[in-house]
>>> print(open('structure_19.tsv').read())   # TSV, C-alpha atoms
chain	number	residue	atom	x	y	z
A	22	MET	CA	-18.84	-135.79	151.69
A	23	VAL	CA	-21.11	-134.90	154.59
A	24	SER	CA	-24.76	-135.06	153.56
A	25	THR	CA	-27.62	-135.96	155.87
A	26	ASN	CA	-29.63	-136.95	152.78
A	27	TYR	CA	-28.38	-139.78	150.60
A	28	ALA	CA	-29.61	-142.83	148.66
A	29	PRO	CA	-31.97	-144.62	148.86
A	30	GLU	CA	-33.73	-141.26	149.20
A	31	HIS	CA	-35.05	-140.43	145.73
A	32	ALA	CA	-36.23	-136.83	146.19
A	33	GLY	CA	-34.72	-133.53	147.23
A	34	ILE	CA	-30.98	-133.29	147.87
A	35	GLY	CA	-30.32	-137.02	148.23
A	36	PRO	CA	-30.07	-137.80	144.50
A	37	TYR	CA	-27.54	-134.99	143.94
A	38	ALA	CA	-25.36	-136.10	146.84
A	39	THR	CA	-25.53	-139.68	145.60
A	40	GLN	CA	-24.64	-138.87	142.01
A	41	ILE	CA	-21.67	-136.73	143.07
A	42	ALA	CA	-20.27	-139.43	145.35
A	43	GLU	CA	-20.83	-142.23	142.84
A	44	HIS	CA	-19.23	-140.11	140.12
A	45	TRP	CA	-16.14	-139.70	142.30
A	46	ALA	CA	-16.04	-143.42	143.03
A	47	ALA	CA	-16.43	-144.29	139.35
A	48	SER	CA	-13.53	-141.93	138.61
A	49	GLY	CA	-11.29	-144.02	140.85
A	50	HIS	CA	-11.43	-141.97	144.05
A	51	ASP	CA	-11.78	-143.52	147.51
A	52	THR	CA	-15.10	-141.88	148.40
A	53	HIS	CA	-16.73	-141.73	151.82
A	54	VAL	CA	-20.06	-140.17	152.84
A	55	LEU	CA	-21.18	-139.32	156.37
A	56	ALA	CA	-24.97	-139.52	156.14
A	57	GLY	CA	-28.10	-139.85	158.20
A	58	MET	CA	-30.71	-142.57	158.14
A	59	PRO	CA	-32.97	-142.42	155.06
A	60	HIS	CA	-36.14	-140.51	155.98
A	61	TYR	CA	-37.02	-137.97	153.27
A	62	PRO	CA	-39.55	-136.93	152.01
A	63	ALA	CA	-41.79	-139.03	154.28
A	64	TRP	CA	-40.06	-137.69	157.43
A	65	SER	CA	-40.10	-141.21	158.84
A	66	VAL	CA	-37.15	-143.59	158.94
A	67	ASP	CA	-36.99	-146.10	156.10
A	68	PRO	CA	-38.20	-149.45	157.54
A	69	ALA	CA	-34.96	-151.10	156.45
A	70	TYR	CA	-33.11	-148.87	158.93
A	71	THR	CA	-35.52	-148.97	161.88
A	72	GLY	CA	-33.62	-149.37	165.14
A	73	ALA	CA	-30.19	-148.93	163.55
A	74	TRP	CA	-27.74	-146.68	165.40
A	75	ARG	CA	-24.77	-146.85	163.07
A	76	ARG	CA	-24.12	-148.55	159.77
A	77	VAL	CA	-21.34	-148.73	157.24
A	78	GLU	CA	-22.45	-149.64	153.72
A	79	ASP	CA	-20.87	-150.04	150.32
A	80	ARG	CA	-23.22	-148.48	147.77
A	81	ASN	CA	-21.92	-148.55	144.20
A	82	GLY	CA	-18.32	-148.17	145.33
A	83	VAL	CA	-19.04	-145.45	147.91
A	84	THR	CA	-18.47	-146.13	151.62
A	85	VAL	CA	-21.48	-144.69	153.45
A	86	HIS	CA	-21.20	-144.10	157.21
A	87	ARG	CA	-24.70	-143.67	158.67
A	88	ARG	CA	-25.53	-142.19	162.06
A	89	ARG	CA	-28.90	-142.26	163.80
A	90	HIS	CA	-30.77	-139.01	164.51
A	91	THR	CA	-34.28	-137.92	165.42
A	92	VAL	CA	-36.84	-137.58	162.63
A	93	PRO	CA	-39.68	-135.15	163.45
A	94	PRO	CA	-42.95	-136.17	161.73
A	95	ARG	CA	-44.16	-132.58	162.07
A	96	GLN	CA	-42.02	-129.48	161.74
A	97	THR	CA	-41.62	-126.91	164.48
A	98	ALA	CA	-38.54	-124.87	165.27
A	99	ALA	CA	-37.88	-126.93	168.42
A	100	ARG	CA	-38.21	-130.25	166.61
A	101	ARG	CA	-36.00	-129.08	163.76
A	102	ALA	CA	-33.40	-127.97	166.30
A	103	LEU	CA	-33.50	-131.42	167.93
A	104	PHE	CA	-33.13	-133.04	164.51
A	105	GLU	CA	-30.04	-130.94	163.73
A	106	GLY	CA	-28.67	-131.35	167.24
A	107	THR	CA	-28.77	-135.14	167.16
A	108	ILE	CA	-27.09	-135.20	163.74
A	109	LEU	CA	-24.33	-132.96	165.09
A	110	LEU	CA	-23.89	-134.87	168.35
A	111	HIS	CA	-23.78	-138.35	166.84
A	112	GLY	CA	-21.51	-137.27	163.99
A	113	ALA	CA	-19.16	-135.54	166.42
A	114	VAL	CA	-18.84	-138.43	168.87
A	115	ALA	CA	-18.63	-141.08	166.12
A	116	PRO	CA	-16.92	-139.59	163.06
A	117	PRO	CA	-16.23	-141.91	160.13
A	118	ARG	CA	-13.22	-144.17	160.57
A	119	MET	CA	-11.15	-143.59	157.46
A	120	SER	CA	-7.78	-142.31	156.32
A	121	ARG	CA	-7.16	-138.60	155.80
A	122	PRO	CA	-9.06	-137.39	152.70
A	123	ASP	CA	-7.97	-134.78	150.17
A	124	ALA	CA	-11.04	-132.58	150.69
A	125	VAL	CA	-14.41	-132.47	152.47
A	126	LEU	CA	-17.60	-131.38	150.72
A	127	ALA	CA	-20.82	-130.66	152.62
A	128	GLN	CA	-24.34	-130.60	151.25
A	129	MET	CA	-26.30	-127.91	153.06
A	130	PRO	CA	-29.07	-126.99	154.23
A	131	SER	CA	-28.13	-129.43	156.99
A	132	LEU	CA	-26.65	-127.01	159.51
A	133	ALA	CA	-25.24	-129.89	161.52
A	134	GLY	CA	-23.74	-131.35	158.36
A	135	GLY	CA	-22.02	-128.07	157.57
A	136	VAL	CA	-20.59	-127.76	161.07
A	137	LEU	CA	-19.48	-131.41	161.09
A	138	ALA	CA	-17.79	-131.03	157.71
A	139	ALA	CA	-15.99	-127.89	158.86
A	140	ARG	CA	-14.76	-129.67	162.00
A	141	LEU	CA	-13.59	-132.73	160.08
A	142	ALA	CA	-11.78	-130.63	157.49
A	143	HIS	CA	-10.08	-128.63	160.27
A	144	ARG	CA	-9.02	-131.83	162.04
A	145	TRP	CA	-7.62	-133.31	158.84
A	146	LYS	CA	-6.26	-129.92	157.66
A	147	VAL	CA	-7.82	-130.26	154.20
A	148	PRO	CA	-10.00	-127.93	152.09
A	149	TYR	CA	-13.63	-127.67	153.11
A	150	VAL	CA	-16.29	-126.85	150.50
A	151	PRO	CA	-19.99	-126.54	151.37
A	152	VAL	CA	-22.60	-126.48	148.60
A	153	VAL	CA	-25.65	-124.44	149.61
A	154	GLN	CA	-28.84	-126.09	148.35
A	155	ASP	CA	-31.15	-124.19	150.73
A	156	LEU	CA	-30.60	-121.41	153.25
A	157	MET	CA	-31.91	-122.55	156.61
A	158	GLY	CA	-31.91	-119.16	158.29
A	159	ALA	CA	-34.00	-117.68	155.51
A	160	ALA	CA	-36.11	-120.84	155.41
A	161	ALA	CA	-37.02	-120.54	159.07
A	162	ALA	CA	-38.09	-116.95	158.51
A	163	GLN	CA	-39.97	-117.52	155.24
A	164	SER	CA	-41.48	-121.01	155.36
A	165	GLY	CA	-44.09	-120.53	158.10
A	166	ILE	CA	-42.61	-123.04	160.55
A	167	ARG	CA	-43.85	-122.51	164.11
A	168	GLY	CA	-41.27	-120.58	166.11
A	169	GLY	CA	-39.51	-119.63	162.88
A	170	ASP	CA	-38.59	-116.07	163.85
A	171	ARG	CA	-36.43	-117.16	166.77
A	172	ALA	CA	-35.09	-120.13	164.86
A	173	ALA	CA	-34.03	-117.93	161.96
A	174	SER	CA	-31.48	-116.06	164.05
A	175	LEU	CA	-29.98	-119.24	165.52
A	176	ALA	CA	-29.89	-120.96	162.12
A	177	ALA	CA	-28.19	-117.96	160.53
A	178	ARG	CA	-25.47	-118.08	163.20
A	179	ALA	CA	-24.84	-121.76	162.53
A	180	GLU	CA	-24.81	-121.14	158.78
A	181	SER	CA	-22.36	-118.30	159.23
A	182	PHE	CA	-20.08	-120.52	161.33
A	183	ALA	CA	-20.14	-123.28	158.71
A	184	LEU	CA	-19.73	-121.02	155.68
A	185	ARG	CA	-17.07	-118.62	156.97
A	186	ARG	CA	-14.72	-121.54	157.55
A	187	ALA	CA	-14.98	-122.75	153.96
A	188	THR	CA	-12.21	-122.66	151.41
A	189	LEU	CA	-14.84	-122.02	148.73
A	190	VAL	CA	-18.64	-121.94	148.91
A	191	GLY	CA	-20.84	-123.32	146.13
A	192	VAL	CA	-24.38	-121.99	145.69
A	193	ILE	CA	-26.96	-123.55	143.38
A	194	HIS	CA	-28.58	-120.25	142.41
A	195	GLU	CA	-27.46	-116.65	142.04
A	196	THR	CA	-30.25	-115.42	144.34
A	197	PHE	CA	-28.36	-117.08	147.22
A	198	VAL	CA	-25.22	-115.00	146.71
A	199	ALA	CA	-26.28	-111.89	148.63
A	200	LYS	CA	-27.49	-113.98	151.57
A	201	VAL	CA	-24.22	-115.93	151.70
A	202	GLU	CA	-22.23	-112.70	151.57
A	203	ALA	CA	-24.35	-111.33	154.43
A	204	LEU	CA	-23.36	-114.40	156.46
A	205	GLY	CA	-19.72	-113.32	156.27
A	206	VAL	CA	-18.40	-115.00	153.11
A	207	ALA	CA	-16.24	-112.85	150.86
A	208	PRO	CA	-17.65	-112.55	147.31
A	209	GLY	CA	-14.42	-113.91	145.85
A	210	ARG	CA	-14.96	-117.25	147.60
A	211	ILE	CA	-18.47	-117.90	146.22
A	212	ARG	CA	-18.98	-120.05	143.10
A	213	LEU	CA	-22.19	-120.80	141.20
A	214	VAL	CA	-22.77	-124.57	140.81
A	215	PRO	CA	-26.35	-125.08	139.56
A	216	ASN	CA	-28.09	-128.38	140.04
A	217	TRP	CA	-28.72	-130.60	137.04
A	218	SER	CA	-31.45	-132.91	135.83
A	219	HIS	CA	-30.73	-136.13	137.72
A	220	VAL	CA	-33.44	-138.19	135.98
A	221	GLU	CA	-33.78	-139.95	132.64
A	222	SER	CA	-36.24	-138.82	129.96
A	223	PRO	CA	-39.70	-140.43	130.02
A	224	THR	CA	-40.01	-143.55	127.87
A	225	GLY	CA	-43.44	-145.04	128.61
A	226	ASP	CA	-46.64	-144.78	126.61
A	227	ARG	CA	-48.44	-141.69	127.86
A	228	ALA	CA	-51.96	-142.98	127.22
A	229	ALA	CA	-51.17	-146.25	128.96
A	230	THR	CA	-49.77	-144.48	131.99
A	231	ARG	CA	-52.86	-142.26	132.24
A	232	ALA	CA	-55.11	-145.30	131.97
A	233	ARG	CA	-53.18	-147.09	134.70
A	234	LEU	CA	-53.57	-144.07	136.98
A	235	GLY	CA	-57.28	-143.69	136.19
A	236	TRP	CA	-56.95	-140.36	134.39
A	237	ALA	CA	-59.55	-139.94	131.65
A	238	PRO	CA	-58.20	-139.12	128.16
A	239	GLY	CA	-59.88	-135.71	127.94
A	240	GLN	CA	-59.46	-134.65	131.57
A	241	THR	CA	-56.96	-131.94	132.46
A	242	VAL	CA	-54.58	-133.27	135.12
A	243	VAL	CA	-52.49	-130.93	137.27
A	244	LEU	CA	-49.74	-132.81	139.12
A	245	HIS	CA	-47.53	-131.74	142.00
A	246	SER	CA	-44.67	-134.09	142.81
A	247	GLY	CA	-42.33	-134.03	145.77
A	248	ASN	CA	-42.21	-132.93	149.36
A	249	MET	CA	-45.43	-131.81	151.03
A	250	GLY	CA	-44.07	-129.35	153.57
A	251	LEU	CA	-44.98	-125.95	154.92
A	252	LYS	CA	-42.98	-123.89	152.46
A	253	GLN	CA	-44.75	-125.51	149.49
A	254	GLY	CA	-48.08	-123.91	150.45
A	255	LEU	CA	-50.00	-126.79	148.85
A	256	ASP	CA	-53.32	-125.64	150.30
A	257	VAL	CA	-53.69	-123.63	147.08
A	258	LEU	CA	-53.98	-126.84	145.04
A	259	VAL	CA	-56.54	-128.32	147.42
A	260	GLU	CA	-58.65	-125.16	147.20
A	261	SER	CA	-58.28	-125.07	143.42
A	262	ALA	CA	-59.57	-128.64	143.19
A	263	ARG	CA	-62.53	-127.75	145.37
A	264	ARG	CA	-63.47	-124.89	143.04
A	265	ASP	CA	-63.32	-126.71	139.72
A	266	PRO	CA	-64.46	-130.35	139.64
A	267	ALA	CA	-63.59	-130.59	135.92
A	268	VAL	CA	-59.85	-130.45	136.63
A	269	ARG	CA	-58.11	-133.34	138.37
A	270	PHE	CA	-55.44	-132.33	140.87
A	271	VAL	CA	-52.89	-134.91	141.94
A	272	LEU	CA	-50.44	-134.57	144.83
A	273	MET	CA	-47.77	-137.24	144.53
A	274	GLY	CA	-45.18	-137.69	147.26
A	275	ASP	CA	-44.97	-137.43	151.00
A	276	GLY	CA	-44.06	-134.99	153.73
A	277	ASN	CA	-45.01	-133.65	157.13
A	278	GLN	CA	-48.05	-131.77	155.75
A	279	ARG	CA	-49.59	-134.67	153.83
A	280	ALA	CA	-52.01	-135.69	156.60
A	281	HIS	CA	-53.16	-132.08	156.98
A	282	LEU	CA	-53.70	-131.76	153.23
A	283	GLU	CA	-55.62	-135.04	153.06
A	284	GLU	CA	-57.87	-133.84	155.88
A	285	LEU	CA	-58.33	-130.47	154.19
A	286	GLY	CA	-59.25	-132.14	150.91
A	287	ALA	CA	-61.55	-134.80	152.34
A	288	GLY	CA	-64.62	-135.18	150.13
A	289	VAL	CA	-63.10	-133.43	147.09
A	290	PRO	CA	-63.62	-136.07	144.37
A	291	ASN	CA	-61.18	-134.58	141.83
A	292	LEU	CA	-58.27	-134.48	144.30
A	293	ASP	CA	-55.94	-137.50	144.46
A	294	PHE	CA	-53.02	-138.31	146.73
A	295	LEU	CA	-50.43	-140.73	145.38
A	296	PRO	CA	-47.36	-142.24	147.03
A	297	PRO	CA	-43.98	-141.38	145.52
A	298	ALA	CA	-43.60	-143.13	142.17
A	299	GLU	CA	-41.01	-145.84	141.73
A	300	ASP	CA	-37.82	-144.57	140.13
A	301	GLY	CA	-38.55	-146.48	136.93
A	302	GLN	CA	-42.03	-144.94	136.62
A	303	PHE	CA	-41.45	-141.46	138.01
A	304	MET	CA	-40.76	-139.63	134.76
A	305	ASP	CA	-43.54	-141.43	132.90
A	306	VAL	CA	-46.01	-140.25	135.56
A	307	LEU	CA	-44.80	-136.66	135.22
A	308	ALA	CA	-45.08	-136.84	131.43
A	309	ALA	CA	-48.61	-138.25	131.69
A	310	ALA	CA	-49.92	-135.11	133.40
A	311	ASP	CA	-51.07	-132.04	131.46
A	312	VAL	CA	-49.60	-129.45	133.81
A	313	LEU	CA	-46.82	-129.78	136.41
A	314	ALA	CA	-47.31	-127.51	139.40
A	315	VAL	CA	-44.67	-125.99	141.65
A	316	THR	CA	-46.07	-123.99	144.55
A	317	GLN	CA	-44.55	-121.95	147.35
A	318	ARG	CA	-45.86	-119.70	150.07
A	319	ALA	CA	-45.80	-116.05	149.05
A	320	SER	CA	-43.14	-115.38	151.71
A	321	VAL	CA	-40.62	-117.78	150.11
A	322	LEU	CA	-38.19	-115.66	148.12
A	323	ASP	CA	-34.48	-116.41	148.27
A	324	MET	CA	-34.02	-119.45	150.49
A	325	SER	CA	-34.83	-122.31	148.14
A	326	VAL	CA	-35.10	-123.39	144.52
A	327	PRO	CA	-37.06	-126.67	144.33
A	328	SER	CA	-35.05	-129.59	143.00
A	329	LYS	CA	-38.23	-130.86	141.32
A	330	LEU	CA	-37.86	-128.19	138.62
A	331	THR	CA	-35.06	-130.02	136.84
A	332	SER	CA	-37.26	-133.14	136.64
A	333	TYR	CA	-40.27	-131.11	135.52
A	334	PHE	CA	-38.29	-129.58	132.66
A	335	ALA	CA	-37.08	-133.00	131.54
A	336	ALA	CA	-40.65	-134.36	131.51
A	337	GLY	CA	-41.68	-132.16	128.60
A	338	ARG	CA	-44.88	-130.80	130.14
A	339	PRO	CA	-45.74	-127.14	130.85
A	340	VAL	CA	-44.81	-125.92	134.32
A	341	LEU	CA	-47.23	-123.79	136.33
A	342	ALA	CA	-45.39	-121.91	139.08
A	343	SER	CA	-47.50	-120.45	141.86
A	344	VAL	CA	-44.58	-118.59	143.44
A	345	ALA	CA	-43.36	-115.09	144.27
A	346	ALA	CA	-42.34	-113.36	141.04
A	347	GLU	CA	-39.12	-111.98	142.53
A	348	GLY	CA	-37.85	-115.31	143.88
A	349	GLY	CA	-35.32	-117.76	142.51
A	350	THR	CA	-37.96	-120.32	141.51
A	351	ALA	CA	-39.74	-117.79	139.30
A	352	GLN	CA	-36.40	-116.79	137.81
A	353	GLU	CA	-35.65	-120.39	136.84
A	354	VAL	CA	-39.06	-120.89	135.24
A	355	ARG	CA	-38.67	-117.70	133.21
A	356	ARG	CA	-35.14	-118.67	132.20
A	357	SER	CA	-36.28	-122.08	130.95
A	358	GLY	CA	-39.14	-120.77	128.83
A	359	ALA	CA	-40.99	-123.90	129.91
A	360	GLY	CA	-43.68	-122.49	132.15
A	361	VAL	CA	-45.92	-119.69	133.35
A	362	LEU	CA	-46.12	-117.80	136.63
A	363	VAL	CA	-49.18	-117.05	138.74
A	364	VAL	CA	-49.65	-115.16	141.97
A	365	PRO	CA	-48.93	-117.49	144.91
A	366	GLU	CA	-51.64	-118.64	147.32
A	367	ASP	CA	-54.41	-117.60	144.88
A	368	PRO	CA	-56.64	-120.52	143.73
A	369	GLU	CA	-58.57	-118.41	141.23
A	370	ALA	CA	-55.40	-117.17	139.53
A	371	LEU	CA	-54.07	-120.71	139.38
A	372	LEU	CA	-57.29	-122.08	137.89
A	373	LYS	CA	-57.44	-119.31	135.31
A	374	GLU	CA	-53.98	-120.29	134.03
A	375	VAL	CA	-54.80	-124.01	134.07
A	376	ARG	CA	-57.87	-123.36	131.91
A	377	ARG	CA	-55.84	-121.17	129.56
A	378	LEU	CA	-53.31	-123.94	129.03
A	379	ALA	CA	-56.08	-126.50	128.52
A	380	ASP	CA	-57.78	-124.28	125.93
A	381	ASP	CA	-54.57	-123.60	124.00
A	382	PRO	CA	-52.81	-126.93	123.43
A	383	ALA	CA	-50.38	-125.36	120.97
A	384	HIS	CA	-49.13	-122.94	123.62
A	385	ALA	CA	-49.01	-125.68	126.25
A	386	GLY	CA	-47.10	-127.89	123.83
A	387	ALA	CA	-44.57	-125.17	123.07
A	388	LEU	CA	-43.91	-124.67	126.77
A	389	GLY	CA	-43.51	-128.39	127.27
A	390	GLU	CA	-41.03	-128.69	124.40
A	391	ALA	CA	-38.90	-125.89	125.85
A	392	GLY	CA	-38.17	-127.90	129.00
A	393	PRO	CA	-36.04	-130.70	127.50
A	394	ARG	CA	-34.23	-128.14	125.33
A	395	HIS	CA	-33.32	-126.18	128.45
A	396	VAL	CA	-32.10	-129.36	130.14
A	397	ALA	CA	-29.96	-130.30	127.13
A	398	ALA	CA	-28.44	-126.82	126.94
A	399	HIS	CA	-27.87	-126.07	130.62
A	400	LEU	CA	-28.80	-128.87	133.01
A	401	THR	CA	-27.05	-132.05	131.89
A	402	ARG	CA	-25.65	-134.36	134.53
A	403	GLU	CA	-22.22	-134.23	132.90
A	404	ALA	CA	-22.10	-130.44	133.11
A	405	GLY	CA	-23.31	-130.38	136.71
A	406	LEU	CA	-20.79	-132.94	137.90
A	407	ALA	CA	-18.02	-131.15	136.01
A	408	ARG	CA	-18.87	-127.96	137.91
A	409	ILE	CA	-18.58	-129.80	141.22
A	410	ASP	CA	-15.25	-131.33	140.16
A	411	ALA	CA	-13.95	-127.90	139.17
A	412	LEU	CA	-15.06	-126.47	142.54
A	413	ILE	CA	-13.17	-129.17	144.45
A	414	GLU	CA	-10.09	-128.92	142.24
A	415	GLU	CA	-9.96	-125.15	142.69
A	416	ALA	CA	-10.28	-125.51	146.46
A	417	MET	CA	-7.48	-128.06	146.55
A	418	GLY	CA	-5.26	-125.89	144.36
A	419	GLY	CA	-5.74	-122.65	146.26
A	420	LEU	CA	-8.04	-119.69	145.78
A	421	ARG	CA	-8.37	-118.17	142.32
A	422	THR	CA	-6.73	-114.73	142.04
>>> encode(input="structure_19.tsv", output="structure tokens")
Amino acid sequence: MVSTNYAPEHAGIGPYATQIAEHWAASGHDTHVLAGMPHYPAWSVDPAYTGAWRRVEDRNGVTVHRRRHTVPPRQTAARRALFEGTILLHGAVAPPRMSRPDAVLAQMPSLAGGVLAARLAHRWKVPYVPVVQDLMGAAAAQSGIRGGDRAASLAARAESFALRRATLVGVIHETFVAKVEALGVAPGRIRLVPNWSHVESPTGDRAATRARLGWAPGQTVVLHSGNMGLKQGLDVLVESARRDPAVRFVLMGDGNQRAHLEELGAGVPNLDFLPPAEDGQFMDVLAAADVLAVTQRASVLDMSVPSKLTSYFAAGRPVLASVAAEGGTAQEVRRSGAGVLVVPEDPEALLKEVRRLADDPAHAGALGEAGPRHVAAHLTREAGLARIDALIEEAMGGLRT
């Protein structure tokens, strides 16, 4: 596997890459991962890896080959290009030392990772299978990153290079299919491999967790968990908090926009910023909230489906999605039956729905109960890993006719 993101990263793509690789290792396969240095979602290198250029680790039976790269604390097109360029350069000059594998899987959106995986598979003459978690060309155009228009064209070319050379291409959501086809991949080589819920169900006492976090028993708490980046458009939560002191808004996580958001929300007493929760407490914190928020800029349509959704559904709390109604995120929320949609980047619309959920606990409870049912029916880890296994097995056995 080639995946820039990998354990100990606990958010985003890292947990999926880790669970796939560890599943292969537990099944008896000699599993290797070419990865970067842990840095997400804080966009700063994990202190345990500071100064390291290359490392080889054994993590739960998986051999992890790490290569140093730049980590931009703030996102611009130029800095993102340098990030990808250093991943590509270091991976190309120092590929993993290992025997010839049976197949190479890449976790994208890392453009460099996709190109590296394609090169390695070509060198070894084995099947190459990228799994598209995000579309970087579309992301550059839609996320609001500075210099994004020019970056979008370059990113799309790199994506096209990496995807056209694949034996099969996995996509995590059907809204990605048209974009992948437009990048030059024949429809017959695209397979749907949705992500799964990679977390355990909450087990802690809800009242005790709220008390520990300082949340009053009768106070409505709206929680956003995960990356604080440009595409999330989290300004809407800061502005919502400013407009209604009765509702507590909590932003839990890290990212390159956190400092900006903290500055924007300075002096707002009902706005809290929390560090990422420990793995053993994460789901209990989600379940302790009254509403779980997922937000995106209005321009974000078909380039990303937040990985946090699978955790939100498993937490058993209603999901409030401030996202474009025609995008993949909205489609997933509607499909789950576990949440409601509001117009993106509109604090008043968001607050109106928060108050409606607070005033109708029966409706909020019904939405929350739908989440775990959706996970059990469609998003189990076993089903997700089986889809990945089937994708690899099909690639190794030749294209389906």
>>> closest_residue(input="structure_19.tsv", among="A:Arg178, A:Arg279, A:Arg88, A:His399", to="Leu110 of chain A", atoms="only C-alpha atoms")
A:Arg88
>>> atom_distance(input="structure_19.tsv", atom1="atom CA of Arg263 of chain A", atom2="atom CA of Pro62 of chain A")
25.6 Å
>>> residues_near_point(input="structure_19.tsv", point="(-56.3, -121.1, 145.2)", cutoff="7 Å", atoms="all atoms listed in the file", output="ChimeraX atom specification")
/A:257-258,260-261,366-371
>>> residues_around(input="structure_19.tsv", residues="Leu406 of chain A", least_positions_apart="4", cutoff="12 Å", atoms="only C-alpha atoms", output="ChimeraX atom specification")
/A:37-45,48,214-219,400-402,410-413
>>> residues_around(input="structure_19.tsv", residues="Arg95 of chain A", least_positions_apart="3", cutoff="8 Å", atoms="all atoms listed in the file", output="count of residues only")
3
>>> atom_distance(input="structure_19.tsv", atom1="atom CA of Arg101 of chain A", atom2="atom CA of Leu255 of chain A")
20.6 Å
>>> atom_distance(input="structure_19.tsv", atom1="atom CA of Gly209 of chain A", atom2="atom CA of Gly349 of chain A")
21.5 Å
>>> residues_near_point(input="structure_19.tsv", point="(-37.3, -148.0, 163.2)", cutoff="12 Å", atoms="all atoms listed in the file", output="ChimeraX atom specification")
/A:58-60,65-74,89-92
>>> closest_residue(input="structure_19.tsv", among="A:Gly301, A:Gly254, A:Pro339, A:Pro365", to="Ala387 of chain A", atoms="all atoms listed in the file")
A:Pro339
>>> build_atoms(input="structure_19.tsv", residues="segment 149-154 of chain A", atoms="all heavy atoms", output="PDB file, in the frame of the given file")
ATOM      1  N   TYR A 149     -12.231-127.430 152.764  1.00  0.00           N
ATOM      2  CA  TYR A 149     -13.630-127.670 153.110  1.00  0.00           C
ATOM      3  C   TYR A 149     -14.508-126.845 152.177  1.00  0.00           C
ATOM      4  O   TYR A 149     -14.327-125.632 152.049  1.00  0.00           O
ATOM      5  CB  TYR A 149     -13.871-127.308 154.574  1.00  0.00           C
ATOM      6  CG  TYR A 149     -15.299-126.971 154.932  1.00  0.00           C
ATOM      7  CD1 TYR A 149     -16.335-127.864 154.684  1.00  0.00           C
ATOM      8  CD2 TYR A 149     -15.612-125.749 155.539  1.00  0.00           C
ATOM      9  CE1 TYR A 149     -17.639-127.555 155.024  1.00  0.00           C
ATOM     10  CE2 TYR A 149     -16.914-125.430 155.893  1.00  0.00           C
ATOM     11  CZ  TYR A 149     -17.924-126.334 155.620  1.00  0.00           C
ATOM     12  OH  TYR A 149     -19.217-126.023 155.948  1.00  0.00           O
ATOM     13  N   VAL A 150     -15.452-127.513 151.507  1.00  0.00           N
ATOM     14  CA  VAL A 150     -16.290-126.850 150.500  1.00  0.00           C
ATOM     15  C   VAL A 150     -17.763-127.204 150.733  1.00  0.00           C
ATOM     16  O   VAL A 150     -18.186-128.328 150.436  1.00  0.00           O
ATOM     17  CB  VAL A 150     -15.887-127.287 149.072  1.00  0.00           C
ATOM     18  CG1 VAL A 150     -16.738-126.549 148.039  1.00  0.00           C
ATOM     19  CG2 VAL A 150     -14.403-127.042 148.830  1.00  0.00           C
ATOM     20  N   PRO A 151     -18.557-126.291 151.275  1.00  0.00           N
ATOM     21  CA  PRO A 151     -19.990-126.540 151.370  1.00  0.00           C
ATOM     22  C   PRO A 151     -20.700-126.112 150.085  1.00  0.00           C
ATOM     23  O   PRO A 151     -20.308-125.139 149.436  1.00  0.00           O
ATOM     24  CB  PRO A 151     -20.426-125.654 152.538  1.00  0.00           C
ATOM     25  CG  PRO A 151     -19.447-124.524 152.532  1.00  0.00           C
ATOM     26  CD  PRO A 151     -18.157-125.054 151.969  1.00  0.00           C
ATOM     27  N   VAL A 152     -21.734-126.850 149.711  1.00  0.00           N
ATOM     28  CA  VAL A 152     -22.600-126.480 148.600  1.00  0.00           C
ATOM     29  C   VAL A 152     -23.972-126.150 149.183  1.00  0.00           C
ATOM     30  O   VAL A 152     -24.608-127.005 149.807  1.00  0.00           O
ATOM     31  CB  VAL A 152     -22.712-127.617 147.565  1.00  0.00           C
ATOM     32  CG1 VAL A 152     -23.743-127.260 146.496  1.00  0.00           C
ATOM     33  CG2 VAL A 152     -21.361-127.883 146.917  1.00  0.00           C
ATOM     34  N   VAL A 153     -24.405-124.922 148.999  1.00  0.00           N
ATOM     35  CA  VAL A 153     -25.650-124.440 149.610  1.00  0.00           C
ATOM     36  C   VAL A 153     -26.818-124.755 148.674  1.00  0.00           C
ATOM     37  O   VAL A 153     -26.972-124.143 147.620  1.00  0.00           O
ATOM     38  CB  VAL A 153     -25.573-122.934 149.893  1.00  0.00           C
ATOM     39  CG1 VAL A 153     -26.879-122.453 150.517  1.00  0.00           C
ATOM     40  CG2 VAL A 153     -24.398-122.624 150.821  1.00  0.00           C
ATOM     41  N   GLN A 154     -27.634-125.719 149.093  1.00  0.00           N
ATOM     42  CA  GLN A 154     -28.840-126.090 148.350  1.00  0.00           C
ATOM     43  C   GLN A 154     -30.052-125.302 148.837  1.00  0.00           C
ATOM     44  O   GLN A 154     -30.951-124.999 148.053  1.00  0.00           O
ATOM     45  CB  GLN A 154     -29.103-127.587 148.525  1.00  0.00           C
ATOM     46  CG  GLN A 154     -28.029-128.500 147.987  1.00  0.00           C
ATOM     47  CD  GLN A 154     -28.229-128.803 146.511  1.00  0.00           C
ATOM     48  OE1 GLN A 154     -29.222-128.414 145.901  1.00  0.00           O
ATOM     49  NE2 GLN A 154     -27.279-129.512 145.927  1.00  0.00           N
TER      50      GLN A 154
END
